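Student: Following this line is upload-v5.cif, made up of mmCIF, C-alpha atoms:
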data_structure
loop_
_atom_site.group_PDB
_atom_site.id
_atom_site.type_symbol
_atom_site.label_atom_id
_atom_site.label_comp_id
_atom_site.auth_asym_id
_atom_site.auth_seq_id
_atom_site.Cartn_x
_atom_site.Cartn_y
_atom_site.Cartn_z
ATOM 1 C CA MET A 1 -27.702 -136.430 11.528
ATOM 2 C CA LEU A 2 -27.729 -133.190 9.569
ATOM 3 C CA HIS A 3 -31.056 -132.374 7.909
ATOM 4 C CA ILE A 4 -30.804 -129.850 5.083
ATOM 5 C CA ILE A 5 -33.989 -128.111 3.960
ATOM 6 C CA ASN A 6 -34.127 -125.753 0.984
ATOM 7 C CA LYS A 7 -37.838 -125.167 0.293
ATOM 8 C CA SER A 8 -40.018 -122.454 1.783
ATOM 9 C CA PRO A 9 -42.551 -123.780 4.311
ATOM 10 C CA ALA A 10 -45.181 -121.750 2.435
ATOM 11 C CA GLU A 11 -44.414 -123.609 -0.781
ATOM 12 C CA ARG A 12 -43.606 -127.208 0.230
ATOM 13 C CA ASN A 13 -43.943 -129.500 3.240
ATOM 14 C CA ALA A 14 -40.232 -130.367 3.529
ATOM 15 C CA LEU A 15 -39.938 -128.790 6.993
ATOM 16 C CA ASP A 16 -43.031 -130.622 8.243
ATOM 17 C CA SER A 17 -41.778 -133.934 6.832
ATOM 18 C CA CYS A 18 -38.402 -133.459 8.479
ATOM 19 C CA LEU A 19 -39.898 -132.560 11.852
ATOM 20 C CA ASN A 20 -42.246 -135.561 11.723
ATOM 21 C CA VAL A 21 -39.557 -138.116 10.813
ATOM 22 C CA ALA A 22 -36.244 -136.876 12.206
ATOM 23 C CA GLN A 23 -34.999 -138.187 15.515
ATOM 24 C CA ASP A 24 -34.481 -135.772 18.371
ATOM 25 C CA GLY A 25 -30.980 -134.449 18.805
ATOM 26 C CA GLY A 26 -30.255 -133.899 15.139
ATOM 27 C CA VAL A 27 -29.296 -130.685 13.414
ATOM 28 C CA ILE A 28 -31.434 -128.781 10.909
ATOM 29 C CA LEU A 29 -29.855 -126.438 8.390
ATOM 30 C CA LEU A 30 -32.170 -124.096 6.500
ATOM 31 C CA ILE A 31 -30.861 -122.877 3.143
ATOM 32 C CA GLU A 32 -32.245 -121.098 0.076
ATOM 33 C CA ASP A 33 -35.991 -120.336 0.516
ATOM 34 C CA ALA A 34 -36.201 -122.490 3.658
ATOM 35 C CA VAL A 35 -34.574 -119.634 5.589
ATOM 36 C CA TYR A 36 -38.001 -117.960 5.672
ATOM 37 C CA ALA A 37 -38.925 -120.546 8.330
ATOM 38 C CA ALA A 38 -36.257 -119.065 10.625
ATOM 39 C CA THR A 39 -37.766 -115.578 10.605
ATOM 40 C CA GLN A 40 -40.088 -113.935 13.090
ATOM 41 C CA GLY A 41 -43.728 -113.691 12.066
ATOM 42 C CA ASN A 42 -43.820 -116.398 9.404
ATOM 43 C CA GLU A 43 -46.419 -119.149 9.250
ATOM 44 C CA ALA A 44 -43.938 -121.845 10.354
ATOM 45 C CA GLU A 45 -42.566 -119.911 13.336
ATOM 46 C CA ALA A 46 -44.486 -121.887 15.986
ATOM 47 C CA LYS A 47 -43.415 -125.234 14.507
ATOM 48 C CA LEU A 48 -39.776 -124.205 14.327
ATOM 49 C CA ARG A 49 -39.874 -122.684 17.818
ATOM 50 C CA ASP A 50 -41.163 -126.030 19.118
ATOM 51 C CA ALA A 51 -38.447 -127.865 17.156
ATOM 52 C CA LEU A 52 -35.742 -125.838 18.913
ATOM 53 C CA SER A 53 -36.286 -127.990 22.011
ATOM 54 C CA ARG A 54 -35.448 -131.110 19.977
ATOM 55 C CA PHE A 55 -32.935 -129.926 17.376
ATOM 56 C CA LYS A 56 -30.127 -127.456 16.861
ATOM 57 C CA VAL A 57 -31.319 -125.183 14.067
ATOM 58 C CA PHE A 58 -29.101 -123.155 11.738
ATOM 59 C CA ALA A 59 -29.909 -120.837 8.843
ATOM 60 C CA LEU A 60 -27.524 -119.885 6.067
ATOM 61 C CA ALA A 61 -26.767 -116.178 6.570
ATOM 62 C CA PRO A 62 -26.071 -115.313 2.900
ATOM 63 C CA ASP A 63 -29.504 -116.702 1.964
ATOM 64 C CA LEU A 64 -31.160 -114.661 4.733
ATOM 65 C CA GLU A 65 -29.377 -111.526 3.519
ATOM 66 C CA ALA A 66 -30.268 -112.197 -0.123
ATOM 67 C CA ARG A 67 -33.942 -112.266 0.890
ATOM 68 C CA GLY A 68 -33.729 -109.186 3.098
ATOM 69 C CA MET A 69 -34.366 -111.254 6.235
ATOM 70 C CA GLY A 70 -31.015 -111.012 8.007
ATOM 71 C CA ASP A 71 -32.454 -108.883 10.810
ATOM 72 C CA ARG A 72 -35.572 -111.013 11.377
ATOM 73 C CA VAL A 73 -34.050 -114.301 12.568
ATOM 74 C CA MET A 74 -35.934 -115.763 15.513
ATOM 75 C CA GLU A 75 -34.196 -116.316 18.821
ATOM 76 C CA GLY A 76 -32.583 -119.726 19.119
ATOM 77 C CA VAL A 77 -31.707 -120.101 15.443
ATOM 78 C CA ALA A 78 -27.994 -119.742 14.764
ATOM 79 C CA THR A 79 -26.709 -118.391 11.486
ATOM 80 C CA VAL A 80 -23.753 -119.775 9.550
ATOM 81 C CA ASP A 81 -21.808 -118.609 6.531
ATOM 82 C CA TYR A 82 -20.695 -120.921 3.715
ATOM 83 C CA GLY A 83 -17.703 -122.077 5.758
ATOM 84 C CA GLY A 84 -20.080 -122.966 8.597
ATOM 85 C CA PHE A 85 -22.229 -124.894 6.127
ATOM 86 C CA VAL A 86 -19.183 -126.952 5.135
ATOM 87 C CA ASP A 87 -18.276 -127.470 8.796
ATOM 88 C CA LEU A 88 -21.767 -128.801 9.569
ATOM 89 C CA VAL A 89 -21.573 -131.254 6.673
ATOM 90 C CA THR A 90 -18.150 -132.521 7.706
ATOM 91 C CA GLU A 91 -19.139 -132.824 11.387
ATOM 92 C CA HIS A 92 -22.028 -135.189 10.618
ATOM 93 C CA LYS A 93 -21.610 -138.688 9.310
ATOM 94 C CA ASN A 94 -25.042 -138.616 7.674
ATOM 95 C CA CYS A 95 -26.813 -135.803 5.836
ATOM 96 C CA GLN A 96 -30.415 -135.879 4.612
ATOM 97 C CA SER A 97 -31.667 -133.342 2.093
ATOM 98 C CA TRP A 98 -35.417 -132.736 2.291
ATOM 99 C CA LEU A 99 -37.005 -131.818 -1.024
#
If you took the structure in this file and wrote it as structure tokens, what would it be?
Tutor:
Amino acid sequence: MLHIINKSPAERNALDSCLNVAQDGGVILLIEDAVYAATQGNEAEAKLRDALSRFKVFALAPDLEARGMGDRVMEGVATVDYGGFVDLVTEHKNCQSWL
């Protein structure tokens, strides 16, 4: 399953809810303000680093760049462009957006 998160971990608990409910082996895509979770030195870094052992994690590169965070992505998080976003959606039968 593809889990799409768009809220900053500093603002909402969408990332925590996803990590608590989602089954291992899924894919997490961070978009919009959720990309802050994929950066080094943020408050959710330890949680996301732990999640990397259970999930494939992607961050939308244009959203990272728009926030000036393109060079701060933590190791293990892959970046995708809009085409990659579409590919992830089409590769997964089920998608869950976390609000």
Student: With the cut-off set at 7 Å and counting only C-alpha atoms, tabulate each residue of stretch 15-60 of chain A with an atom at most that distance from an atom of stretch 68-82 of chain A, showing the nearest atom pair and its distance in Å to one decimal, ordered by chain and increasing number, as JSON lines.
Tutor:
{"residue": "A:Ala38", "atom": "CA", "partner": "A:Val73", "partner_atom": "CA", "distance": 5.6}
{"residue": "A:Thr39", "atom": "CA", "partner": "A:Val73", "partner_atom": "CA", "distance": 4.4}
{"residue": "A:Gln40", "atom": "CA", "partner": "A:Met74", "partner_atom": "CA", "distance": 5.1}
{"residue": "A:Leu52", "atom": "CA", "partner": "A:Gly76", "partner_atom": "CA", "distance": 6.9}
{"residue": "A:Val57", "atom": "CA", "partner": "A:Val77", "partner_atom": "CA", "distance": 5.3}
{"residue": "A:Phe58", "atom": "CA", "partner": "A:Ala78", "partner_atom": "CA", "distance": 4.7}
{"residue": "A:Ala59", "atom": "CA", "partner": "A:Thr79", "partner_atom": "CA", "distance": 4.8}
{"residue": "A:Leu60", "atom": "CA", "partner": "A:Val80", "partner_atom": "CA", "distance": 5.1}
Student: Quick one: residues within 12 Å of (-37.6, -135.4, 11.4) (file frame), counting all atoms listed in the file, please, as a PyMOL selection string.
Tutor: chain A and resi 1-5+13-28+48+51+54-55+96-98
Student: Give the answer as one residue: which of A:Ser53, A:Leu30, A:Ala46, A:Gly41 has the shortest atom-to-atom distance to A:Phe85, using all atoms listed in the file?
Tutor: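 Once distances to A:Phe85 are computed over all atoms listed in the file, the minimum belongs to A:Leu30.
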Student: Please indicate the distance in Å from atom CA of A:His92 to atom CA of A:Ala10, rounded to one decimal place.
Tutor: 28.0 Å
Student: What does the structure give for the distance between atom CA of A:Leu88 and atom CA of A:Ala61, in Å to one decimal?
Tutor: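 Separation between atom CA of A:Leu88 and atom CA of A:Ala61: 13.9 Å.
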Student: Could you tell me which of A:Gly83, A:Val35, A:Asn6, A:Leu99 comes closest to A:Asp63 if we count all atoms listed in the file?
Tutor: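 So, comparing all the options, the nearest one is A:Val35.
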Student: Rounded to one decimal, what separation in Å do you get between atom CA of A:Ala44 and atom CA of A:Ser8?
Tutor: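 Spanning atom CA of A:Ala44 to atom CA of A:Ser8 is a straight-line distance of 9.4 Å.
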Student: Nearest to A:Tyr36: which of A:Glu65, A:Val86, A:Lys93, A:Asp50 is it, counting all atoms listed in the file?
Tutor: A:Glu65
Student: What are the centre and the three edge lengths of an axis-aligned box that wraps all atoms of stretch 21-25 of chain A in the file, given that 6 Å is added to every side, written as AutoDock Vina command-line options and rounded to one decimal in Å?
Tutor:
--center_x -35.3 --center_y -136.3 --center_z 14.8 --size_x 20.6 --size_y 15.7 --size_z 20.0
